[in-house]
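Step one of this worksheet: look at the structure below.
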Amino acid sequence: MFSDGSAVAYSEDLVLTGEQVDAAVAVIFYVGGTDGLGERILGVALTQNENTLAWAVNGAVCYNSYASTNEYDGSGNWGKITTKDSSAATTPSNYPAFQYANSYSTTGFTSGWYLPAKYELRELRTNVATVNAAISLIADSRSGVSIMSSETYWSSSEYGSAIVNQAYFVELAETTTSTTDHDSKSGMRIVRPIHAF
């Protein structure tokens, strides 16, 4: 996906021009379907946070309280947090993973980026080898662009109302042993924003 909204399909013999490398903003990893993610086009950012971040800091309202986040569409999960915690909008640093994703910006798409929900991340995981291959076409010529590692990435989805201080994470490994699990919201993990196009 390029800054003007156009896109080119990935193939193993794809070669990008210098202008395309400079204009790239995301790699599409999902296009419509009947799997619960809906009729959307989802793209993943070309960069991620350099240091791991907490989902929420201990003491934040939604660290010890359940905000009823969605597991299939993370675009509204920050809104659920700000509804539950009225101070979140003015103190986003209490939710570092969300703060990073929500403030992500790139040419042509300066807003609309968000922390993916659990099943959005799992969909990204199923396509991670191809997505990383596409990102590599850009990373080889543009600084700051990075492929996804086999680390664990925060989703915006909480684990459940019974254990309020836990959220889901997904390991984006290029192997069949990739995991989806949950951890304390103060756990430190990587964040990779996504965008609906």
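Ordering of the structure tokens sets the chain letters (A, B, ...), residue numbers begin anew at 1 in every chain, and ligands are numbered from 1 in the order given.
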If you run DSSP on the backbone here, which positions in chain A get alpha helix (DSSP H)? Please write them as a count of residues only.
43
Could you give me, as a Markdown table, every region 28-109 of chain A residue with an atom at most 10 Å from region 134-140 of chain A, plus its closest atom pair and distance in Å to one decimal, counting only C-alpha atoms, rows ordered by chain then number?
| residue | atom | partner | partner_atom | distance |
| --- | --- | --- | --- | --- |
| A:Ile28 | CA | A:Ala134 | CA | 9.5 |
| A:Val44 | CA | A:Ile135 | CA | 9.8 |
| A:Ala45 | CA | A:Ile135 | CA | 9.4 |
| A:Leu46 | CA | A:Ile135 | CA | 6.7 |
| A:Thr47 | CA | A:Ile135 | CA | 9.4 |
Can you measure CA of Ala167 (chain A) to CA of Phe109 (chain A) for me? One decimal in Å is fine.
27.6 Å
Long-range neighbours of His182 (chain A) as a PyMOL selection string, 7 Å cut-off, only C-alpha atoms, 2 positions minimum in chain
chain A and resi 159+166-169
Could you give me, as a Markdown table, every region 57-104 of chain A residue with an atom at most 12 Å from region 29-40 of chain A, plus its closest atom pair and distance in Å to one decimal, counting only C-alpha atoms, rows ordered by chain then number?
| residue | atom | partner | partner_atom | distance |
| --- | --- | --- | --- | --- |
| A:Asn70 | CA | A:Leu37 | CA | 11.0 |
| A:Glu71 | CA | A:Leu37 | CA | 9.4 |
| A:Tyr72 | CA | A:Leu37 | CA | 5.7 |
| A:Asp73 | CA | A:Leu37 | CA | 6.7 |
| A:Gly74 | CA | A:Leu37 | CA | 10.2 |
| A:Ser75 | CA | A:Leu37 | CA | 11.5 |
If we count only C-alpha atoms and set the cut-off at 9 Å, which residues sit around region 53-67 of chain A, ignoring sequence neighbours fewer than 3 positions away in its own chain? Please answer as a ChimeraX atom specification.
/A:49,77,80-88,93-98,100,154-156,158,160-167,184-191
From the DSSP assignment of the backbone, select every residue of region 18-164 of chain A that is strand (DSSP E or B), and format the answer as a list of chain:residue names.
A:Ala24, A:Ala26, A:Val27, A:Ile28, A:Phe29, A:Tyr30, A:Val31, A:Ile41, A:Leu42, A:Gly43, A:Val44, A:Ala45, A:Leu53, A:Ala54, A:Thr106, A:Phe109, A:Tyr114, A:Thr152, A:Tyr153, A:Trp154, A:Ser155, A:Ser156, A:Ser157, A:Glu158
Option closest in space to Ser150 (chain A), from A:Gln20, A:Asn132, A:Gln48, A:Ser178 [counting only C-alpha atoms]
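For Ser150 (chain A), the nearest of the given residues is A:Ser178.
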